[in-house]
Amino acid sequence: MQPAKRRKTGNNWDWEKKFDVAACATEFGWTDDDWILGVDEAGRGPVLGSMVYGCMACQVKDHEGLRAMGVADSKDLKKDKRNEIFAAMEAQAAGSSEEAEKVEGKFAYLLREISATEISKLQLARKSVSLNKISHDAAIELITRMRALIRKSGRGKLVAAFVDVVGPQDSYQRKLEHFFPELVVCVKKKADSTFPIVGGASVMAKVTRDTLIENYVLPETGERVGPAGSGYPGDAGTKLWLSRNAHKVFVFPEVVRFDWQPAKDIEKAKCVSIAWDGNGEDLPELFDSKAPKRWQYFQEMFLSRPASF
């Protein structure tokens, strides 16, 4: 009996050279109708606004069309060029796949916005969630959703995922291979510069985030964000915006990521500190749902448990 043939993985392939989709198709047995996808984000570092993850997919036969459009790392493209490429990809994708039940058009894309509020809640929770974990979960969610859409379309199958690295490269690679054992997976630094499909995801994410920031209306004031520098922590204009928009009690508008260091520094310098008025006995009851509850009478009468008899 012949041993089962092992699926070829991307671990031993030389991804450092220029990406040749035809050579990969020969090596891994892809057909023209099979799909590959790329995942990248925009807005990981800024203290202001959402982080947006993009997932772009195309059939093997259509991949070189992305290269012809001039797709690259969105940070290396001027704004007008990014918008031009975004519009071209969107037109050939027949719109976003967000509400679609199957993939239509030459390209398909999905977006996942992770708001500043969501980031703050996760990072400031009692069991803090790292930005790496938030990013990994978003990528896994998008790959899962895109794979389902491609299956429903009946137009080939998803065979590969190319992802820009977040955190340690090897462990991220292993994680994605665990979730998607049937795919060729490549996690690589600067993947958006190496793989046009990742560059497409980068452009989709960057243009979407920029549009969100430009059109964002602060719910606290009904005004737009206005000039705020680049949004990155070291930007003097961003620090000035944070200082001007700090509230003594409520700290910042929800567009701010509260756990970023510049935000914490300004909070400490400009906002009112709060001291717990009491002996601390009620703290477990407030923050631990499993803590035993005290009778209301004892709470209303401010009676404390005896320390000794």
# chains A, B, ... in the order shown; residues from 1 in each chain; ligands from 1

$ residues_around --residues "range 141-148 of chain A" --least-positions-apart "5" --cutoff "9 Å" --atoms "only C-alpha atoms" --output "VMD selection string"
chain A and resid 37 to 39 53 to 57 97 101 to 103 108 to 112 136 153 157 to 158 161 179 to 180

$ residues_around --residues "Gly49 in chain A" --least-positions-apart "3" --cutoff "8 Å" --atoms "only C-alpha atoms" --output "list in words"
Gly43, Pro46, Ser115, Ala116, Ile213, Gly231, Val255, Val256 and Arg257 of chain A

$ closest_residue --among "A:Val198, A:Ser135, A:Tyr232, A:Asp170" --to "Leu66 in chain A" --atoms "only C-alpha atoms"
A:Val198

$ residues_around --residues "Val21 in chain A" --least-positions-apart "6" --cutoff "12 Å" --atoms "only C-alpha atoms" --output "PDB file with N, CA and C atoms, in the first residue's frame"
ATOM      1  N   TRP A  15      10.331  32.352  -1.184  1.00  0.00           N
ATOM      2  CA  TRP A  15       9.418  33.489  -1.362  1.00  0.00           C
ATOM      3  C   TRP A  15      10.166  34.817  -1.475  1.00  0.00           C
ATOM      4  N   GLU A  27       4.293  24.189  -9.218  1.00  0.00           N
ATOM      5  CA  GLU A  27       4.840  23.540  -8.027  1.00  0.00           C
ATOM      6  C   GLU A  27       3.754  22.952  -7.137  1.00  0.00           C
ATOM      7  N   PHE A  28       2.682  23.693  -6.949  1.00  0.00           N
ATOM      8  CA  PHE A  28       1.660  23.282  -5.981  1.00  0.00           C
ATOM      9  C   PHE A  28       0.420  22.655  -6.628  1.00  0.00           C
ATOM     10  N   GLY A  29       0.396  22.609  -7.953  1.00  0.00           N
ATOM     11  CA  GLY A  29      -0.722  21.954  -8.624  1.00  0.00           C
ATOM     12  C   GLY A  29      -1.984  22.783  -8.712  1.00  0.00           C
ATOM     13  N   TRP A  30      -1.823  24.111  -8.762  1.00  0.00           N
ATOM     14  CA  TRP A  30      -2.993  24.975  -8.878  1.00  0.00           C
ATOM     15  C   TRP A  30      -3.489  24.991 -10.323  1.00  0.00           C
ATOM     16  N   THR A  31      -4.788  25.217 -10.480  1.00  0.00           N
ATOM     17  CA  THR A  31      -5.369  25.408 -11.808  1.00  0.00           C
ATOM     18  C   THR A  31      -5.668  26.897 -12.004  1.00  0.00           C
ATOM     19  N   ASP A  32      -5.954  27.280 -13.226  1.00  0.00           N
ATOM     20  CA  ASP A  32      -6.274  28.677 -13.517  1.00  0.00           C
ATOM     21  C   ASP A  32      -7.501  29.157 -12.744  1.00  0.00           C
ATOM     22  N   ASP A  34      -8.416  28.177  -9.715  1.00  0.00           N
ATOM     23  CA  ASP A  34      -8.224  28.220  -8.267  1.00  0.00           C
ATOM     24  C   ASP A  34      -7.993  29.660  -7.809  1.00  0.00           C
ATOM     25  N   TRP A  35      -8.238  29.891  -6.528  1.00  0.00           N
ATOM     26  CA  TRP A  35      -8.146  31.237  -5.963  1.00  0.00           C
ATOM     27  C   TRP A  35      -6.991  31.333  -4.977  1.00  0.00           C
ATOM     28  N   ILE A  36      -6.350  32.499  -4.959  1.00  0.00           N
ATOM     29  CA  ILE A  36      -5.376  32.839  -3.927  1.00  0.00           C
ATOM     30  C   ILE A  36      -5.840  34.147  -3.280  1.00  0.00           C
ATOM     31  N   CYS A  58      -8.270  36.570  -5.825  1.00  0.00           N
ATOM     32  CA  CYS A  58      -8.465  36.482  -7.272  1.00  0.00           C
ATOM     33  C   CYS A  58      -8.134  35.067  -7.726  1.00  0.00           C
ATOM     34  N   GLN A  59      -8.599  34.722  -8.912  1.00  0.00           N
ATOM     35  CA  GLN A  59      -8.225  33.441  -9.485  1.00  0.00           C
ATOM     36  C   GLN A  59      -6.803  33.526 -10.023  1.00  0.00           C
ATOM     37  N   VAL A  60      -6.136  32.378 -10.069  1.00  0.00           N
ATOM     38  CA  VAL A  60      -4.743  32.327 -10.515  1.00  0.00           C
ATOM     39  C   VAL A  60      -4.577  33.003 -11.872  1.00  0.00           C
ATOM     40  N   LYS A  61      -5.511  32.785 -12.767  1.00  0.00           N
ATOM     41  CA  LYS A  61      -5.409  33.338 -14.135  1.00  0.00           C
ATOM     42  C   LYS A  61      -5.509  34.858 -14.173  1.00  0.00           C
ATOM     43  N   ASP A  62      -6.050  35.464 -13.114  1.00  0.00           N
ATOM     44  CA  ASP A  62      -6.244  36.920 -13.103  1.00  0.00           C
ATOM     45  C   ASP A  62      -5.210  37.663 -12.273  1.00  0.00           C
ATOM     46  N   HIS A  63      -4.271  36.940 -11.664  1.00  0.00           N
ATOM     47  CA  HIS A  63      -3.356  37.584 -10.731  1.00  0.00           C
ATOM     48  C   HIS A  63      -2.471  38.635 -11.383  1.00  0.00           C
ATOM     49  N   GLU A  64      -1.986  38.371 -12.568  1.00  0.00           N
ATOM     50  CA  GLU A  64      -1.069  39.317 -13.204  1.00  0.00           C
ATOM     51  C   GLU A  64      -1.758  40.631 -13.540  1.00  0.00           C
ATOM     52  N   GLY A  65      -3.094  40.614 -13.593  1.00  0.00           N
ATOM     53  CA  GLY A  65      -3.823  41.856 -13.814  1.00  0.00           C
ATOM     54  C   GLY A  65      -3.613  42.842 -12.687  1.00  0.00           C
ATOM     55  N   LEU A  66      -3.414  42.343 -11.466  1.00  0.00           N
ATOM     56  CA  LEU A  66      -3.129  43.224 -10.330  1.00  0.00           C
ATOM     57  C   LEU A  66      -1.778  43.900 -10.502  1.00  0.00           C
ATOM     58  N   ARG A  67      -0.798  43.124 -10.949  1.00  0.00           N
ATOM     59  CA  ARG A  67       0.530  43.703 -11.160  1.00  0.00           C
ATOM     60  C   ARG A  67       0.476  44.800 -12.219  1.00  0.00           C
ATOM     61  N   ALA A 160      -4.438  29.156  -1.551  1.00  0.00           N
ATOM     62  CA  ALA A 160      -3.280  29.783  -0.910  1.00  0.00           C
ATOM     63  C   ALA A 160      -3.669  31.083  -0.226  1.00  0.00           C
ATOM     64  N   THR A 194       5.883  42.164  -1.929  1.00  0.00           N
ATOM     65  CA  THR A 194       6.289  40.957  -2.658  1.00  0.00           C
ATOM     66  C   THR A 194       5.156  40.365  -3.483  1.00  0.00           C
ATOM     67  N   PHE A 195       3.966  40.335  -2.910  1.00  0.00           N
ATOM     68  CA  PHE A 195       2.833  39.671  -3.546  1.00  0.00           C
ATOM     69  C   PHE A 195       1.775  40.703  -3.944  1.00  0.00           C
ATOM     70  N   PRO A 196       1.507  40.862  -5.226  1.00  0.00           N
ATOM     71  CA  PRO A 196       0.484  41.833  -5.643  1.00  0.00           C
ATOM     72  C   PRO A 196      -0.871  41.613  -4.969  1.00  0.00           C
ATOM     73  N   ILE A 197      -1.234  40.370  -4.677  1.00  0.00           N
ATOM     74  CA  ILE A 197      -2.528  40.114  -4.051  1.00  0.00           C
ATOM     75  C   ILE A 197      -2.576  40.709  -2.640  1.00  0.00           C
TER      76      ILE A 197
END

$ select_by_dssp --residues "range 42-149 of chain A" --states "strand (DSSP E or B)" --output "ChimeraX atom specification"
/A:42,48,51-59,107-114

$ closest_atom_pairs --of "range 158-261 of chain A" --to "range 70-90 of chain A" --cutoff "10 Å" --atoms "only C-alpha atoms" --output "JSON lines"
{"residue": "A:Lys190", "atom": "CA", "partner": "A:Asp73", "partner_atom": "CA", "distance": 7.9}
{"residue": "A:Ala191", "atom": "CA", "partner": "A:Asp73", "partner_atom": "CA", "distance": 8.3}
{"residue": "A:Asp192", "atom": "CA", "partner": "A:Asp73", "partner_atom": "CA", "distance": 4.8}
{"residue": "A:Ser193", "atom": "CA", "partner": "A:Asp73", "partner_atom": "CA", "distance": 5.1}
{"residue": "A:Thr194", "atom": "CA", "partner": "A:Ala72", "partner_atom": "CA", "distance": 8.1}
{"residue": "A:Phe195", "atom": "CA", "partner": "A:Ala72", "partner_atom": "CA", "distance": 8.1}
{"residue": "A:Pro196", "atom": "CA", "partner": "A:Val71", "partner_atom": "CA", "distance": 5.8}
{"residue": "A:Ile197", "atom": "CA", "partner": "A:Val71", "partner_atom": "CA", "distance": 8.1}
{"residue": "A:Val198", "atom": "CA", "partner": "A:Asp73", "partner_atom": "CA", "distance": 8.1}
{"residue": "A:Gly199", "atom": "CA", "partner": "A:Ala72", "partner_atom": "CA", "distance": 4.6}
{"residue": "A:Gly200", "atom": "CA", "partner": "A:Val71", "partner_atom": "CA", "distance": 5.9}
{"residue": "A:Ala201", "atom": "CA", "partner": "A:Ser74", "partner_atom": "CA", "distance": 8.9}
{"residue": "A:Ser202", "atom": "CA", "partner": "A:Ser74", "partner_atom": "CA", "distance": 5.6}
{"residue": "A:Val203", "atom": "CA", "partner": "A:Ser74", "partner_atom": "CA", "distance": 4.9}
{"residue": "A:Met204", "atom": "CA", "partner": "A:Phe86", "partner_atom": "CA", "distance": 6.1}
{"residue": "A:Ala205", "atom": "CA", "partner": "A:Ser74", "partner_atom": "CA", "distance": 8.7}
{"residue": "A:Lys206", "atom": "CA", "partner": "A:Ser74", "partner_atom": "CA", "distance": 6.6}
{"residue": "A:Val207", "atom": "CA", "partner": "A:Asn83", "partner_atom": "CA", "distance": 6.6}
{"residue": "A:Thr208", "atom": "CA", "partner": "A:Phe86", "partner_atom": "CA", "distance": 9.2}
{"residue": "A:Asp210", "atom": "CA", "partner": "A:Lys79", "partner_atom": "CA", "distance": 9.5}

$ atom_distance --atom1 "CA of Thr117 in chain A" --atom2 "CA of Lys264 in chain A"
15.1 Å

$ closest_residue --among "A:Val163, A:Ile274, A:Val251, A:Ile134" --to "Asp40 in chain A" --atoms "only C-alpha atoms"
A:Val163
